[in-house]
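A.B. asks: Starting off with a structure, shown below.
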Amino acid sequence: MLTTIRTCARPALGARVAACLLAGLLALPAQAAPSTASGTSTGRDVVGTWIARIDQRAAELEAMPRVQQTRVGYGSVLKKGDGGMVDVVAPGPVRPSDVPEGTAPAAGTAPTVVVTPPAEPIPQADPSATPGNALSGTATPGTVVEVLPPPPALTIQVRARTADRVGRLSTRLIELGFLNQEQWTETFDDNLEVAVRAFQLSEGLMQDGKVGEVTRQALDRTPKEAAKLMRGATASMRAFQASVPDTVILVNLPSQTVSYIERGKLNFTMRAVVGRPSRQTPLLQDRVTSVTINPTWTVPPTVLVEDKLPVLRKKGNTGIKDAVVYLDGVEVVPESINWWQVTPERIRIVQKPGDDNALGRFRFNLTNGDGIFLHGTNDPRLFERDLRAASSGCVRLADARMVAETLLRPAKLDSAAIERQLDSGKTKTVSLPNAVPVRFVYWTSTVETDGTVRVHPGIYDDVPTSSSNPSATQAPAAAGTVSAPRRVEPKPVRPTPAAAPQTAPAPAQSSSTDTPARAADTRNGAEAVRTAM
């Protein structure tokens, strides 16, 4: 009987075992897929994720019903205390005075007027009347007569010029749900400031409670306008996606940020300062080849001609701390030279390394011929602003030390070694084992690590385009478009001829420029168009 049961059970057990083995084999690819995908993540995957999220958000905004929206409108910065009613002093009567023109009367003295004799004779005054007696009705010629003091100034209250915009600001914040209906006001009070800060927090802006240009644009932007910026950004990302390296530094001009993708994973994103509209940062395709610790800064031609030479001529100094001035390659004392008789190409100004150096403590050397590179700064206050297009073309990093530690890790230079080099105060350039690609892009929409989609207004009137791409056309910055990046090959540097014994050599790797953009004196070596700030 037992044997019969075992015989009957074997087929059933075998079937169950076979089923389990088959299920396990079928499950293996599904379980291994995430691990494989995570192990082979690429830069294209990162950009693709951004594209999908931005497109999703744009579709949501496009599906929203159109509603009436109040615009704050252009104007000065709105801040607490603006709007409402203001006191205005009405102009008083004009008082005659014997004080010569341009001379203020003495304090505490009553204004006076001199009675001059008329052209025709006047009747004799009553002998019983004293000179200047108000009751006599006459005055002796040449007598000084006291004038009654003017009435007190009339102060009235009028509506402030900013009251209209403050009122529209209140209405807009009510529409967005940051302010209650009963809190509407034309005076920028505490409640309005709290509402502005809350709105700035929701938009990822600096929470200063003031309505500057960036906050104003965010308030006035309609869902349709935001969706258009997002669609323009994703179009640029798609064109960029096919060629993005797995390890790359992304410099996005509209967001004024620098991101680092390492082996297909986003490592960090930090704030940056980029070129101002008059000195735009170009869209480049480049690479970081080395990092300079404790760099010097050589003032480039643009800054020298437009900024520093006028200061030299007016004050006799550069206005730069720890700067050395060279004339025809020879170090000079600035105060001893008549700079009005000196042309710019004869001058070279070099700032010594240190905390006051314009490049900060780190410079990340690129290969382009425009003199554009990444570096630190001696003035971190600019990173507290929402609009940080303030440099002369180069890109300043909010945390240059972290970038240096990240890029120098493959060069076997750890944090302790970097610290020792910083403490030494000496300039040192470390070559990277593998150059790190850098891409300058113009994306008016980005995705944060938590999936939040941000919109960034264009910082330039026209997006830079590349002459190497004939199909690229200029588009307004607000459209979020970007041309194909252009690769700039390094140009040969002209050799510096021998100079006087006191001639100081041009700083290697830490000079602000590589090639000249205009006629430059060969005695000063090569200079480039762009600035190092």
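Ordering of the structure tokens sets the chain letters (A, B, ...); residue numbers start at 1 within each chain; ligands are numbered from 1 in the order shown.
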Excluding A:Leu312 and residues on its chain fewer than 6 positions from it, collect all residues at most 12 Å away from it, counting only C-alpha atoms, and give them as a VMD selection string.

C.D. replies: chain A and resid 304 to 306 318 to 320 325 333 to 344 347 349

A.B. asks: Please give the complete set of residues from stretch 118-337 of chain A that DSSP, run on the backbone, assigns to strand (DSSP E), formatted as an mmCIF file with C-alpha atoms, in the first residue's frame.

C.D. replies:
```
data_model
loop_
_atom_site.group_PDB
_atom_site.id
_atom_site.type_symbol
_atom_site.label_atom_id
_atom_site.label_comp_id
_atom_site.auth_asym_id
_atom_site.auth_seq_id
_atom_site.Cartn_x
_atom_site.Cartn_y
_atom_site.Cartn_z
ATOM 1 C CA VAL A 144 15.527 147.453 6.992
ATOM 2 C CA VAL A 145 12.034 146.143 7.621
ATOM 3 C CA GLU A 146 11.510 142.804 9.325
ATOM 4 C CA LEU A 154 1.806 121.968 4.714
ATOM 5 C CA THR A 155 2.087 118.173 4.733
ATOM 6 C CA ILE A 156 -0.441 116.142 2.794
ATOM 7 C CA GLN A 157 -0.855 112.433 2.130
ATOM 8 C CA VAL A 158 -0.886 111.142 -1.423
ATOM 9 C CA ARG A 159 -0.976 107.674 -2.973
ATOM 10 C CA VAL A 248 30.410 65.289 -18.512
ATOM 11 C CA ILE A 249 30.227 68.726 -16.908
ATOM 12 C CA LEU A 250 27.095 70.600 -18.006
ATOM 13 C CA VAL A 251 27.070 74.394 -17.803
ATOM 14 C CA ASN A 252 23.472 75.562 -18.275
ATOM 15 C CA THR A 257 24.153 76.162 -12.754
ATOM 16 C CA VAL A 258 26.881 73.564 -13.264
ATOM 17 C CA SER A 259 26.043 69.847 -13.103
ATOM 18 C CA TYR A 260 28.390 66.881 -13.124
ATOM 19 C CA ILE A 261 27.315 63.536 -14.559
ATOM 20 C CA GLU A 262 29.753 60.763 -13.693
ATOM 21 C CA LYS A 265 24.754 59.225 -12.796
ATOM 22 C CA LEU A 266 24.143 62.804 -11.661
ATOM 23 C CA ASN A 267 26.818 63.563 -9.075
ATOM 24 C CA PHE A 268 26.007 67.183 -8.158
ATOM 25 C CA THR A 269 24.478 70.453 -9.317
ATOM 26 C CA MET A 270 25.641 73.797 -7.971
ATOM 27 C CA ARG A 271 25.008 77.475 -8.549
ATOM 28 C CA ALA A 272 27.278 79.364 -10.894
ATOM 29 C CA VAL A 273 27.910 82.882 -12.164
ATOM 30 C CA VAL A 274 27.972 83.225 -15.963
ATOM 31 C CA GLY A 275 28.676 86.018 -18.423
ATOM 32 C CA LEU A 284 31.219 75.625 -26.262
ATOM 33 C CA GLN A 285 32.067 71.964 -26.514
ATOM 34 C CA ASP A 286 35.304 71.577 -24.593
ATOM 35 C CA ARG A 287 37.102 69.574 -21.913
ATOM 36 C CA VAL A 288 38.920 70.116 -18.618
ATOM 37 C CA THR A 289 42.526 69.015 -19.035
ATOM 38 C CA SER A 290 44.040 70.208 -15.760
ATOM 39 C CA VAL A 291 43.316 71.944 -12.459
ATOM 40 C CA THR A 292 45.402 74.823 -11.126
ATOM 41 C CA ILE A 293 45.586 75.241 -7.354
ATOM 42 C CA TRP A 297 45.095 86.007 -12.533
ATOM 43 C CA THR A 298 46.298 87.939 -15.556
ATOM 44 C CA ALA A 323 48.498 93.058 -8.179
ATOM 45 C CA VAL A 324 51.798 93.503 -10.037
ATOM 46 C CA VAL A 325 51.889 95.882 -13.015
ATOM 47 C CA TYR A 326 54.234 95.349 -15.950
ATOM 48 C CA LEU A 327 55.024 97.992 -18.575
ATOM 49 C CA VAL A 330 59.143 95.252 -16.787
ATOM 50 C CA GLU A 331 57.595 95.531 -13.331
ATOM 51 C CA VAL A 332 56.828 99.151 -12.436
#
```

A.B. asks: In Å, rounded to a single decimal, give me how far atom CA of A:Pro300 is from atom CA of A:Arg313.

C.D. replies: 17.5 Å

A.B. asks: If we count only C-alpha atoms, what is near A:Arg168 at a cut-off of 12 Å, once residues fewer than 6 positions away on the same chain are taken out, given as a PDB file with C-alpha atoms, in the first residue's frame?

C.D. replies:
```
ATOM      1  CA  GLN A  69      -4.364  86.166 -14.542  1.00  0.00           C
ATOM      2  CA  THR A  70      -3.174  89.437 -13.047  1.00  0.00           C
ATOM      3  CA  ARG A  71       0.289  90.610 -14.051  1.00  0.00           C
ATOM      4  CA  VAL A  72       2.448  92.591 -11.657  1.00  0.00           C
ATOM      5  CA  GLY A  73       4.184  94.293 -14.581  1.00  0.00           C
ATOM      6  CA  TYR A  74       7.618  95.829 -15.092  1.00  0.00           C
ATOM      7  CA  LEU A  78       9.028  95.916  -4.678  1.00  0.00           C
ATOM      8  CA  GLY A  83       2.932 101.320  -1.764  1.00  0.00           C
ATOM      9  CA  THR A 162       4.136 101.883  -6.340  1.00  0.00           C
ATOM     10  CA  ILE A 174      -4.462  85.677  -3.970  1.00  0.00           C
ATOM     11  CA  GLU A 175      -4.983  84.002  -7.352  1.00  0.00           C
ATOM     12  CA  TRP A 184      -5.537  92.288  -0.160  1.00  0.00           C
ATOM     13  CA  THR A 185      -3.618  95.529   0.249  1.00  0.00           C
ATOM     14  CA  GLU A 186      -1.838  98.273  -1.628  1.00  0.00           C
ATOM     15  CA  THR A 187       0.769  98.516   1.124  1.00  0.00           C
ATOM     16  CA  PHE A 188       3.654  96.038   1.164  1.00  0.00           C
ATOM     17  CA  LEU A 192       2.501  90.334   1.808  1.00  0.00           C
ATOM     18  CA  ARG A 216       8.347  89.201 -11.122  1.00  0.00           C
ATOM     19  CA  LEU A 219       4.630  85.691 -10.980  1.00  0.00           C
ATOM     20  CA  ASP A 220       3.620  86.984 -14.414  1.00  0.00           C
TER      21      ASP A 220
END
```

A.B. asks: Sorted by chain and rising residue number, which residues of stretch 345-388 of chain A lie within 12 Å of stretch 422-429 of chain A, and what are their closest atom pairs and distances in Å to one decimal, counting only C-alpha atoms, as JSON lines?

C.D. replies:
```
{"residue": "A:Lys352", "atom": "CA", "partner": "A:Thr427", "partner_atom": "CA", "distance": 9.5}
{"residue": "A:Pro353", "atom": "CA", "partner": "A:Gly425", "partner_atom": "CA", "distance": 6.9}
{"residue": "A:Gly354", "atom": "CA", "partner": "A:Gly425", "partner_atom": "CA", "distance": 6.9}
{"residue": "A:Asp355", "atom": "CA", "partner": "A:Gly425", "partner_atom": "CA", "distance": 9.8}
{"residue": "A:Asn357", "atom": "CA", "partner": "A:Gly425", "partner_atom": "CA", "distance": 11.7}
{"residue": "A:Gly360", "atom": "CA", "partner": "A:Leu422", "partner_atom": "CA", "distance": 11.0}
{"residue": "A:Arg361", "atom": "CA", "partner": "A:Leu422", "partner_atom": "CA", "distance": 7.6}
{"residue": "A:Phe362", "atom": "CA", "partner": "A:Leu422", "partner_atom": "CA", "distance": 9.5}
{"residue": "A:Arg363", "atom": "CA", "partner": "A:Thr429", "partner_atom": "CA", "distance": 9.0}
{"residue": "A:Phe364", "atom": "CA", "partner": "A:Thr429", "partner_atom": "CA", "distance": 9.5}
{"residue": "A:Asn365", "atom": "CA", "partner": "A:Thr429", "partner_atom": "CA", "distance": 9.3}
```

A.B. asks: Have a look at A:Pro437, A:Gly451, A:Gly316, A:Gly75 and name the one nearest to A:Ile54; count only C-alpha atoms.

C.D. replies: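 Looking at the shortest contact to A:Ile54, the residue is A:Gly451.
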
A.B. asks: Apply DSSP to the backbone of this structure and, from stretch 323-443 of chain A, keep only the residues in helix (DSSP H, G or I); write these as number ranges by chain.

C.D. replies: A: 334-336, 339-341, 344-346, 380-384, 400-411, 415-424
